[in-house]
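Below: entry_0.pdb (PDB, C-alpha atoms)
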```pdb
MODEL        1
ATOM      1  CA  MET M 299     -15.147  16.290  24.937
ATOM      2  CA  GLN M 300     -12.411  18.650  23.845
ATOM      3  CA  SER M 301     -13.147  21.275  21.216
ATOM      4  CA  GLU M 302     -12.069  20.126  17.796
ATOM      5  CA  LYS M 303      -8.511  20.912  16.771
ATOM      6  CA  SER M 304      -7.206  20.525  13.267
ATOM      7  CA  TRP M 305      -4.131  18.557  12.260
ATOM      8  CA  LYS M 306      -1.915  19.449   9.331
ATOM      9  CA  ILE M 307      -0.376  16.647   7.318
ATOM     10  CA  LEU M 308       1.866  16.464   4.256
ATOM     11  CA  GLY M 309       1.373  19.308   1.794
ATOM     12  CA  GLY M 310      -0.354  21.502   4.346
ATOM     13  CA  ARG M 311      -3.582  19.532   4.096
ATOM     14  CA  VAL M 312      -5.798  19.989   7.131
ATOM     15  CA  VAL M 313      -7.495  17.007   8.771
ATOM     16  CA  GLN M 314     -10.427  17.795  11.035
ATOM     17  CA  PRO M 315     -11.408  14.967  13.429
ATOM     18  CA  SER M 316     -15.121  15.995  13.312
ATOM     19  CA  PRO M 317     -14.979  15.103  16.207
ATOM     20  CA  PHE M 318     -13.147  11.778  15.872
ATOM     21  CA  LEU M 319     -10.651  10.238  13.494
ATOM     22  CA  VAL M 320     -10.270   6.479  13.055
ATOM     23  CA  MET M 321      -6.919   5.030  12.016
ATOM     24  CA  GLY M 322      -6.966   1.435  10.844
ATOM     25  CA  VAL M 323      -4.006  -0.771  11.778
ATOM     26  CA  LEU M 324      -2.269  -2.701   9.013
ATOM     27  CA  ASN M 325       0.576  -4.850  10.323
ATOM     28  CA  ILE M 326       2.581  -6.121   7.350
ATOM     29  CA  THR M 327       4.622  -8.317   9.660
ATOM     30  CA  PRO M 328       4.965 -11.953  10.707
ATOM     31  CA  ASN M 329       5.161 -11.236  14.437
ATOM     32  CA  SER M 330       2.819  -8.444  15.534
ATOM     33  CA  PHE M 331       1.035  -9.331  18.763
ATOM     34  CA  TYR M 332      -2.519  -9.369  17.374
ATOM     35  CA  ASP M 333      -2.517 -10.180  13.674
ATOM     36  CA  GLY M 334       1.080 -10.977  12.830
ATOM     37  CA  GLY M 335       1.408 -13.162   9.758
ATOM     38  CA  ILE M 336      -2.149 -12.597   8.497
ATOM     39  CA  TYR M 337      -1.312  -9.688   6.203
ATOM     40  CA  ASP M 338       2.399 -10.249   5.606
ATOM     41  CA  SER M 339       2.144 -10.646   1.823
ATOM     42  CA  GLU M 340       1.654  -7.847  -0.682
ATOM     43  CA  SER M 341      -1.699  -9.200  -1.862
ATOM     44  CA  THR M 342      -3.252  -9.818   1.566
ATOM     45  CA  ALA M 343      -1.980  -6.505   2.932
ATOM     46  CA  THR M 344      -3.309  -4.575  -0.064
ATOM     47  CA  GLN M 345      -6.709  -6.222   0.304
ATOM     48  CA  GLN M 346      -6.800  -5.454   4.027
ATOM     49  CA  ALA M 347      -5.973  -1.816   3.388
ATOM     50  CA  ARG M 348      -8.925  -1.650   0.992
ATOM     51  CA  THR M 349     -11.127  -3.308   3.607
ATOM     52  CA  LEU M 350     -10.122  -0.861   6.336
ATOM     53  CA  PHE M 351     -10.946   2.113   4.134
ATOM     54  CA  ASP M 352     -14.240   0.496   3.116
ATOM     55  CA  GLN M 353     -15.115   0.038   6.802
ATOM     56  CA  GLY M 354     -14.686   3.768   7.398
ATOM     57  CA  ALA M 355     -11.042   4.324   8.316
ATOM     58  CA  ASP M 356      -9.969   7.934   7.827
ATOM     59  CA  ILE M 357      -6.329   6.837   7.686
ATOM     60  CA  VAL M 358      -4.615   3.466   7.368
ATOM     61  CA  ASP M 359      -1.397   3.033   9.351
ATOM     62  CA  MET M 360       1.019   0.617   7.661
ATOM     63  CA  GLY M 361       3.846  -0.938   9.658
ATOM     64  CA  GLY M 362       6.590  -3.236   8.452
ATOM     65  CA  GLU M 363       8.278  -3.821  11.810
ATOM     66  CA  SER M 364       6.591  -4.977  14.992
ATOM     67  CA  THR M 365       7.200  -2.804  18.045
ATOM     68  CA  ARG M 366       5.432  -5.071  20.512
ATOM     69  CA  PRO M 367       7.314  -5.736  23.771
ATOM     70  CA  PHE M 368      10.470  -7.845  23.320
ATOM     71  CA  SER M 369      10.240  -7.787  19.523
ATOM     72  CA  GLU M 370      13.393  -7.817  17.429
ATOM     73  CA  ARG M 371      14.417  -5.041  15.045
ATOM     74  CA  VAL M 372      14.357  -5.583  11.292
ATOM     75  CA  SER M 373      16.553  -4.070   8.602
ATOM     76  CA  LEU M 374      15.600  -1.067   6.516
ATOM     77  CA  GLU M 375      15.587  -3.310   3.452
ATOM     78  CA  GLU M 376      13.090  -5.720   4.999
ATOM     79  CA  GLU M 377      10.837  -2.955   6.225
ATOM     80  CA  ARG M 378      10.955  -1.241   2.846
ATOM     81  CA  SER M 379      10.087  -4.439   0.972
ATOM     82  CA  ARG M 380       7.038  -5.000   3.178
ATOM     83  CA  VAL M 381       5.571  -1.488   3.171
ATOM     84  CA  LEU M 382       6.334   0.303  -0.088
ATOM     85  CA  PRO M 383       4.647  -2.106  -2.554
ATOM     86  CA  VAL M 384       1.424  -2.035  -0.543
ATOM     87  CA  LEU M 385       1.535   1.733  -0.201
ATOM     88  CA  GLU M 386       2.031   2.106  -3.944
ATOM     89  CA  ASN M 387      -0.803  -0.326  -4.710
ATOM     90  CA  ILE M 388      -3.266   1.590  -2.567
ATOM     91  CA  ARG M 389      -2.190   4.912  -4.022
ATOM     92  CA  GLN M 390      -2.894   3.536  -7.482
ATOM     93  CA  GLU M 391      -6.218   1.889  -6.640
ATOM     94  CA  LEU M 392      -7.919   4.463  -4.415
ATOM     95  CA  PHE M 393      -8.524   8.164  -4.859
ATOM     96  CA  ASP M 394      -6.362  10.216  -2.510
ATOM     97  CA  PRO M 395      -6.144   7.740   0.403
ATOM     98  CA  LEU M 396      -4.634   9.029   3.637
ATOM     99  CA  ILE M 397      -1.792   6.717   4.616
ATOM    100  CA  SER M 398       0.406   6.712   7.691
ATOM    101  CA  VAL M 399       3.606   4.721   7.995
ATOM    102  CA  ASP M 400       4.621   3.386  11.390
ATOM    103  CA  THR M 401       8.404   3.718  11.464
ATOM    104  CA  TYR M 402      11.243   5.220  13.464
ATOM    105  CA  LYS M 403      13.781   5.009  10.622
ATOM    106  CA  ALA M 404      14.639   8.240   8.795
ATOM    107  CA  ASP M 405      15.249   6.581   5.423
ATOM    108  CA  MET M 406      12.037   4.567   5.632
ATOM    109  CA  ALA M 407      10.070   7.696   6.494
ATOM    110  CA  LYS M 408      11.584   9.622   3.597
ATOM    111  CA  GLU M 409      10.833   6.877   1.072
ATOM    112  CA  ALA M 410       7.299   6.464   2.369
ATOM    113  CA  LEU M 411       6.588  10.182   2.132
ATOM    114  CA  GLU M 412       8.008  10.263  -1.394
ATOM    115  CA  ALA M 413       5.736   7.323  -2.264
ATOM    116  CA  GLY M 414       2.599   9.067  -1.053
ATOM    117  CA  ALA M 415       2.277   8.651   2.719
ATOM    118  CA  SER M 416       1.030  11.735   4.564
ATOM    119  CA  VAL M 417       1.743  10.817   8.198
ATOM    120  CA  ILE M 418       4.645   9.342  10.154
ATOM    121  CA  ASN M 419       3.735   7.398  13.294
ATOM    122  CA  ASP M 420       6.908   7.199  15.367
ATOM    123  CA  VAL M 421       7.142   5.203  18.599
ATOM    124  CA  SER M 422      10.582   6.659  19.336
ATOM    125  CA  ALA M 423       9.973  10.431  19.295
ATOM    126  CA  CYS M 424      13.006  10.654  16.974
ATOM    127  CA  SER M 425      15.284   9.066  19.576
ATOM    128  CA  PHE M 426      16.152   5.777  17.821
ATOM    129  CA  ASP M 427      17.267   7.463  14.595
ATOM    130  CA  PRO M 428      17.906  11.186  15.226
ATOM    131  CA  ALA M 429      18.009  11.851  11.477
ATOM    132  CA  LEU M 430      14.241  11.313  11.455
ATOM    133  CA  ARG M 431      13.778  14.758  13.004
ATOM    134  CA  ASP M 432      15.422  16.344   9.957
ATOM    135  CA  ILE M 433      13.188  14.357   7.607
ATOM    136  CA  ILE M 434       9.944  15.368   9.268
ATOM    137  CA  ALA M 435      11.113  18.971   9.598
ATOM    138  CA  ASP M 436      11.889  19.014   5.882
ATOM    139  CA  TYR M 437       8.783  17.219   4.548
ATOM    140  CA  LYS M 438       6.378  18.430   7.244
ATOM    141  CA  PRO M 439       4.038  15.411   7.334
ATOM    142  CA  GLY M 440       1.515  14.768  10.011
ATOM    143  CA  TYR M 441       3.530  13.439  12.944
ATOM    144  CA  ILE M 442       2.378  11.246  15.821
ATOM    145  CA  LEU M 443       4.591  12.017  18.797
ATOM    146  CA  MET M 444       4.459   9.022  21.120
ATOM    147  CA  HIS M 445       5.873   8.559  24.595
ATOM    148  CA  SER M 446       7.821   5.384  25.290
ATOM    149  CA  LYS M 447      10.187   4.551  28.105
ATOM    150  CA  GLY M 448      12.874   2.421  26.525
ATOM    151  CA  ARG M 449      12.998   0.465  23.281
ATOM    152  CA  PRO M 450      10.563  -2.320  22.352
ATOM    153  CA  GLU M 451      13.123  -5.009  23.190
ATOM    154  CA  ASP M 452      13.525  -3.793  26.788
ATOM    155  CA  MET M 453      10.742  -1.288  27.577
ATOM    156  CA  GLN M 454       8.714  -3.736  29.678
ATOM    157  CA  LYS M 455      11.602  -4.684  31.939
ATOM    158  CA  ASP M 456      10.419  -3.078  35.185
ATOM    159  CA  PRO M 457       9.364   0.398  33.937
ATOM    160  CA  CYS M 458       9.333   2.932  36.788
ATOM    161  CA  TYR M 459       7.943   6.442  37.235
ATOM    162  CA  ASP M 460       7.655   8.778  40.185
ATOM    163  CA  ASP M 461       4.735  10.571  38.515
ATOM    164  CA  VAL M 462       3.671   8.942  35.255
ATOM    165  CA  ILE M 463       1.333  11.764  34.180
ATOM    166  CA  GLY M 464       3.758  14.513  35.103
ATOM    167  CA  GLU M 465       6.684  12.795  33.411
ATOM    168  CA  ILE M 466       4.792  12.157  30.171
ATOM    169  CA  LYS M 467       3.490  15.716  30.159
ATOM    170  CA  GLY M 468       7.013  17.060  30.657
ATOM    171  CA  PHE M 469       8.246  14.780  27.875
ATOM    172  CA  PHE M 470       5.626  16.163  25.484
ATOM    173  CA  GLU M 471       6.433  19.750  26.414
ATOM    174  CA  GLN M 472      10.132  19.256  25.718
ATOM    175  CA  LYS M 473       9.631  17.302  22.502
ATOM    176  CA  LEU M 474       7.188  19.902  21.170
ATOM    177  CA  LYS M 475       9.833  22.570  21.753
ATOM    178  CA  ASP M 476      12.530  20.445  20.104
ATOM    179  CA  LEU M 477      10.439  19.585  17.054
ATOM    180  CA  THR M 478       9.170  23.093  16.441
ATOM    181  CA  ALA M 479      12.695  24.472  16.849
ATOM    182  CA  ALA M 480      13.834  21.975  14.201
ATOM    183  CA  GLY M 481      11.205  23.259  11.793
ATOM    184  CA  LEU M 482       8.122  21.056  12.197
ATOM    185  CA  PRO M 483       5.066  23.249  12.884
ATOM    186  CA  GLU M 484       3.164  22.388  16.043
ATOM    187  CA  ASP M 485      -0.004  22.117  13.961
ATOM    188  CA  ASN M 486       1.484  18.979  12.369
ATOM    189  CA  ILE M 487       1.851  17.133  15.690
ATOM    190  CA  VAL M 488      -0.577  14.992  17.661
ATOM    191  CA  LEU M 489       0.214  13.438  21.037
ATOM    192  CA  ASP M 490       0.110   9.741  21.940
ATOM    193  CA  PRO M 491       0.837   8.836  25.593
ATOM    194  CA  GLY M 492       1.935   5.360  24.466
ATOM    195  CA  ILE M 493      -0.321   2.846  26.194
ATOM    196  CA  GLY M 494       1.732  -0.320  26.708
ATOM    197  CA  PHE M 495       5.077   1.237  25.805
ATOM    198  CA  GLY M 496       7.238   1.117  28.910
ATOM    199  CA  LYS M 497       4.304   1.055  31.335
ATOM    200  CA  THR M 498       2.857  -1.362  33.862
ATOM    201  CA  LEU M 499      -0.860  -2.085  34.137
ATOM    202  CA  GLU M 500      -1.107   0.551  36.863
ATOM    203  CA  HIS M 501       0.672   3.131  34.705
ATOM    204  CA  ASN M 502      -1.619   2.422  31.755
ATOM    205  CA  LEU M 503      -4.766   2.726  33.855
ATOM    206  CA  THR M 504      -3.510   5.958  35.404
ATOM    207  CA  ILE M 505      -2.911   7.399  31.934
ATOM    208  CA  MET M 506      -6.375   6.433  30.735
ATOM    209  CA  LYS M 507      -8.029   7.814  33.862
ATOM    210  CA  ASN M 508      -6.156  11.111  33.615
ATOM    211  CA  VAL M 509      -5.764  11.564  29.861
ATOM    212  CA  ARG M 510      -7.498  14.951  30.050
ATOM    213  CA  GLU M 511      -4.331  16.295  31.677
ATOM    214  CA  PHE M 512      -2.651  16.301  28.265
ATOM    215  CA  LEU M 513      -5.334  18.489  26.669
ATOM    216  CA  SER M 514      -3.683  21.545  28.206
ATOM    217  CA  LEU M 515      -0.810  21.099  25.736
ATOM    218  CA  GLY M 516      -3.122  22.279  22.974
ATOM    219  CA  ARG M 517      -2.719  19.431  20.513
ATOM    220  CA  PRO M 518      -5.123  16.612  19.545
ATOM    221  CA  LEU M 519      -4.730  13.424  21.549
ATOM    222  CA  PHE M 520      -4.164  10.033  19.943
ATOM    223  CA  ALA M 521      -4.736   6.620  21.522
ATOM    224  CA  GLY M 522      -3.496   3.185  20.523
ATOM    225  CA  LEU M 523      -5.052   0.743  22.965
ATOM    226  CA  SER M 524      -6.645  -1.708  20.552
ATOM    227  CA  ASN M 525      -6.465  -5.321  21.813
ATOM    228  CA  LYS M 526      -3.303  -4.630  23.798
ATOM    229  CA  SER M 527      -1.887  -6.752  26.598
ATOM    230  CA  VAL M 528      -3.186  -4.287  29.193
ATOM    231  CA  TRP M 529      -6.507  -6.124  28.803
ATOM    232  CA  GLN M 530      -4.858  -9.476  29.460
ATOM    233  CA  LYS M 531      -3.253  -8.100  32.586
ATOM    234  CA  LEU M 532      -6.489  -6.520  33.774
ATOM    235  CA  LEU M 533      -9.008  -9.221  32.797
ATOM    236  CA  GLY M 534      -7.022 -12.280  31.710
ATOM    237  CA  LEU M 535      -8.123 -11.951  28.081
ATOM    238  CA  ASP M 536      -6.328 -13.531  25.142
ATOM    239  CA  PRO M 537      -5.808 -11.291  22.068
ATOM    240  CA  GLU M 538      -8.875 -12.592  20.242
ATOM    241  CA  GLU M 539     -11.035 -11.909  23.327
ATOM    242  CA  ARG M 540     -10.209  -8.218  23.695
ATOM    243  CA  GLY M 541     -12.577  -6.707  21.135
ATOM    244  CA  ASN M 542     -15.363  -5.770  23.540
ATOM    245  CA  VAL M 543     -13.127  -4.161  26.135
ATOM    246  CA  THR M 544     -11.288  -2.295  23.371
ATOM    247  CA  GLN M 545     -14.565  -0.703  22.295
ATOM    248  CA  VAL M 546     -15.534   0.197  25.862
ATOM    249  CA  ALA M 547     -12.144   1.791  26.495
ATOM    250  CA  THR M 548     -12.264   3.615  23.166
ATOM    251  CA  ALA M 549     -15.635   5.127  24.064
ATOM    252  CA  LEU M 550     -14.395   6.232  27.468
ATOM    253  CA  MET M 551     -11.229   7.754  26.034
ATOM    254  CA  ALA M 552     -13.252   9.568  23.386
ATOM    255  CA  GLU M 553     -15.533  11.007  26.050
ATOM    256  CA  LYS M 554     -12.446  12.207  27.935
ATOM    257  CA  GLY M 555     -11.201  14.174  24.935
ATOM    258  CA  VAL M 556      -9.169  11.769  22.793
ATOM    259  CA  SER M 557     -10.059  12.534  19.186
ATOM    260  CA  MET M 558      -7.848  10.078  17.256
ATOM    261  CA  HIS M 559      -8.071   6.309  17.667
ATOM    262  CA  ARG M 560      -5.773   3.654  16.195
ATOM    263  CA  VAL M 561      -7.673   0.345  16.020
ATOM    264  CA  HIS M 562      -7.797  -3.068  14.387
ATOM    265  CA  GLU M 563     -11.617  -3.342  14.160
ATOM    266  CA  VAL M 564     -12.471  -0.206  12.221
ATOM    267  CA  ASP M 565     -16.121  -1.054  11.564
ATOM    268  CA  LEU M 566     -16.916  -1.544  15.253
ATOM    269  CA  THR M 567     -14.991   1.566  16.246
ATOM    270  CA  VAL M 568     -16.871   3.723  13.747
ATOM    271  CA  GLN M 569     -20.099   2.543  15.403
ATOM    272  CA  THR M 570     -18.720   3.109  18.896
ATOM    273  CA  LEU M 571     -17.616   6.651  18.159
ATOM    274  CA  GLU M 572     -20.900   7.535  16.456
ATOM    275  CA  VAL M 573     -22.699   6.572  19.669
ATOM    276  CA  VAL M 574     -20.280   8.662  21.723
ATOM    277  CA  LYS M 575     -20.788  11.585  19.350
ATOM    278  CA  GLN M 576     -24.575  11.429  19.526
ATOM    279  CA  ILE M 577     -24.738  11.077  23.300
ATOM    280  CA  THR M 578     -22.176  13.763  24.071
ATOM    281  CA  GLU M 579     -23.716  16.167  21.552
ATOM    282  CA  ASP M 580     -27.077  15.777  23.275
ATOM    283  CA  ARG M 581     -25.488  16.345  26.660
ATOM    284  CA  ARG M 582     -23.548  19.366  25.447
ATOM    285  CA  GLN M 583     -26.696  20.866  23.933
ATOM    286  CA  MET M 584     -28.571  20.337  27.203
ATOM    287  CA  THR M 585     -25.755  22.072  29.082
ATOM    288  CA  GLU M 586     -25.769  24.987  26.660
ATOM    289  CA  ASP M 587     -29.562  25.296  26.834
ATOM    290  CA  GLY M 588     -29.462  25.213  30.615
ATOM    291  CA  SER M 589     -26.801  27.910  30.717
ATOM    292  CA  GLN M 590     -28.836  30.137  28.416
ATOM    293  CA  GLN M 591     -32.003  29.675  30.476
ATOM    294  CA  SER M 592     -30.206  30.455  33.721
ATOM    295  CA  GLY M 593     -28.645  33.571  32.260
ATOM    296  CA  ARG M 594     -25.103  32.345  32.755
ATOM    297  CA  PRO M 595     -22.551  33.345  30.100
TER
ENDMDL
END
```
Please go through the file and, once you have read it, give me the structure as structure tokens.
Amino acid sequence: MQSEKSWKILGGRVVQPSPFLVMGVLNITPNSFYDGGIYDSESTATQQARTLFDQGADIVDMGGESTRPFSERVSLEEERSRVLPVLENIRQELFDPLISVDTYKADMAKEALEAGASVINDVSACSFDPALRDIIADYKPGYILMHSKGRPEDMQKDPCYDDVIGEIKGFFEQKLKDLTAAGLPEDNIVLDPGIGFGKTLEHNLTIMKNVREFLSLGRPLFAGLSNKSVWQKLLGLDPEERGNVTQVATALMAEKGVSMHRVHEVDLTVQTLEVVKQITEDRRQMTEDGSQQSGRP
């Protein structure tokens, strides 16, 4: 596993994965691929946020617009009406909850940060609404920098790469330079290679096999692979059948150095990552003990 790296969020607060961080998914939408329509009211979404925190989520990620493949965009007003009441409810009911808002809109991000969110999870890398870069540079929240090739409505129309790992790595390098030049400290950024966003099955598997390549960029790695269609393409699984493979993949990604995991089933993921932690700690201790006995530095 990678050595632990801290992540700064809004207000300069430091989040330490220790060694993993679990982000619970809260889709306040009627059309998300996995749980669309289940939590699309203020009351059900507020209750689910409570449940995710109770299950052990370090952060809850609220989204008011689906970004699944071929989804349609929604207005700022609609997104605002879905997210802000739930965010405000949770801020009132729980002590200092860490909340992320999944948005690419500058105005939505600003309002969410003013309302108490600490993290912006942006699938666009500030490309859909360039004003978002100014907002995050000004407020300095935690920022999830995700790679996507195309927009949700067209990203799965024959995505092509000559070198998927090299291209994503180059994308991260350039975006890190752009964001830090704009005023967002690098310590506030984590990197998400964007499983399922403008990638074929082969691209997604290549990313997961080679995710360690992104550790050289010096920032924590973030994965959002929970119940995604990659598992349908690989194993023919419907959304409700993908829980087991999600946990297996999460464990493997954690062992490869991914410290932050965005998931629907928080309780199971907490268990999965505790097992990974215990096994890899034992292995690391054995390696250290062996090195000391052999006299190696």
Could you list, as a VMD selection string, every residue within 12 Å of Leu503 of chain M, counting all atoms listed in the file and ignoring same-chain residues fewer than 4 positions away?
chain M and resid 462 to 463 491 to 494 497 to 499 507 to 509 523 528 to 529 531 to 532 547 551
Could you check the closest approach to Asn525 of chain M for each of M:Arg560, M:His501, M:Arg510, M:Arg311 and tell me which residue wins, using only C-alpha atoms?
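Once distances to Asn525 of chain M are computed over only C-alpha atoms, the minimum belongs to M:Arg560.
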Could you tell me how far atom CA of Val399 of chain M sits from atom CA of Asn387 of chain M, in Å to one decimal place?
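According to the coordinates, atom CA of Asn387 of chain M and atom CA of Val399 of chain M are separated by 14.4 Å.
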For atom CA of Asn325 of chain M and atom CA of Ile505 of chain M, quote the distance in Å rounded to one decimal.
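Those two atoms sit 25.1 Å apart.
Relative to atom CA of Glu340 of chain M, atom CA of Glu391 of chain M is found at 13.9 Å.
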Residues returned when the PyMOL selection byres ((chain M and resi 432) around 12) runs on this file, as a PyMOL selection string:
chain M and resi 403-405+407-408+424+427-431+433-439+476-482
Could you pull the residues within 6 Å of Val561 of chain M, counting all atoms listed in the file, minus those fewer than 3 positions along the same chain, as a compact mmCIF listing (two decimals) with C-alpha atoms, in the frame of the given file?
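Final output, saved to selection_17.txt:
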```txt
# COMPACT_ATOMS: atom_id res chain seq x y z
CA GLY M 322 -6.97 1.44 10.84
CA VAL M 323 -4.01 -0.77 11.78
CA SER M 524 -6.64 -1.71 20.55
```
Which residues are close to Ser446 of chain M, i.e. within 8 Å by all atoms listed in the file, leaving aside same-chain residues fewer than 6 positions away? Reply as a ChimeraX atom specification.
/M:421-422,453,491-492,495-496
If you count all atoms listed in the file, which residues fall within 8 Å of Asn419 of chain M, apart from same-chain ones fewer than 4 positions away, as a list in words?
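Close residues of Asn419 of chain M: Asp359, Ser398, Val399, Asp400, Thr401, Tyr402, Tyr441, Ile442 and Leu443 of chain M.
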Taking only C-alpha atoms into account, name the residue in M:Leu411, M:Met444, M:Leu515, M:Ala347 that is nearest to Asp485 of chain M.
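Using only C-alpha atoms, the shortest distance to Asp485 of chain M belongs to M:Leu515.
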I would like the residues chosen by the PyMOL selection byres ((chain M and resi 467) around 10) on the shown file; could you give them as a list of chain:residue names?
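The output of the PyMOL selection byres ((chain M and resi 467) around 10) on this file is M:His445, M:Asp461, M:Val462, M:Ile463, M:Gly464, M:Glu465, M:Ile466, M:Gly468, M:Phe469, M:Phe470, M:Glu471, M:Gln472, M:Lys473, M:Leu489, M:Pro491, M:Glu511, M:Phe512, M:Leu513, M:Ser514, M:Leu515.
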Please produce a file of the residues just selected, as a tab-separated table (two decimals), keeping the file's coordinate frame, where the atoms kept are C-alpha atoms.
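Result file follows (selection-v9.tsv):
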```tsv
chain	number	residue	atom	x	y	z
M	445	HIS	CA	5.87	8.56	24.60
M	461	ASP	CA	4.74	10.57	38.52
M	462	VAL	CA	3.67	8.94	35.26
M	463	ILE	CA	1.33	11.76	34.18
M	464	GLY	CA	3.76	14.51	35.10
M	465	GLU	CA	6.68	12.80	33.41
M	466	ILE	CA	4.79	12.16	30.17
M	468	GLY	CA	7.01	17.06	30.66
M	469	PHE	CA	8.25	14.78	27.88
M	470	PHE	CA	5.63	16.16	25.48
M	471	GLU	CA	6.43	19.75	26.41
M	472	GLN	CA	10.13	19.26	25.72
M	473	LYS	CA	9.63	17.30	22.50
M	489	LEU	CA	0.21	13.44	21.04
M	491	PRO	CA	0.84	8.84	25.59
M	511	GLU	CA	-4.33	16.30	31.68
M	512	PHE	CA	-2.65	16.30	28.26
M	513	LEU	CA	-5.33	18.49	26.67
M	514	SER	CA	-3.68	21.54	28.21
M	515	LEU	CA	-0.81	21.10	25.74
```
Quick one: of M:Glu553, M:Arg371, M:Glu500, M:Glu409, who's nearest to Ile577 of chain M, counting only C-alpha atoms?
M:Glu553
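When all atoms listed in the file are used to measure the gap to Asp338 of chain M, the shortest distance among M:Gln314, M:Gln569, M:Ser416, M:Ser379 belongs to M:Ser379.
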Around all of segment 517-523 of chain M's listed atoms, make the axis-aligned box with 6 Å on each side and tell me centre and edge lengths in Å to one decimal, as lines of an AutoDock Vina configuration file.
```
center_x = -3.9
center_y = 10.1
center_z = 21.3
size_x = 14.4
size_y = 30.7
size_z = 15.4
```
Show which residues sit within 10 Å of Ile336 of chain M, as a ChimeraX atom specification. Count all atoms listed in the file, and ignore same-chain residues fewer than 5 positions away.
/M:324-330,342-343,346
Hits of the PyMOL selection byres ((chain M and resi 519) around 6) in this structure, as number ranges by chain
M: 488-489, 518, 520, 556-557
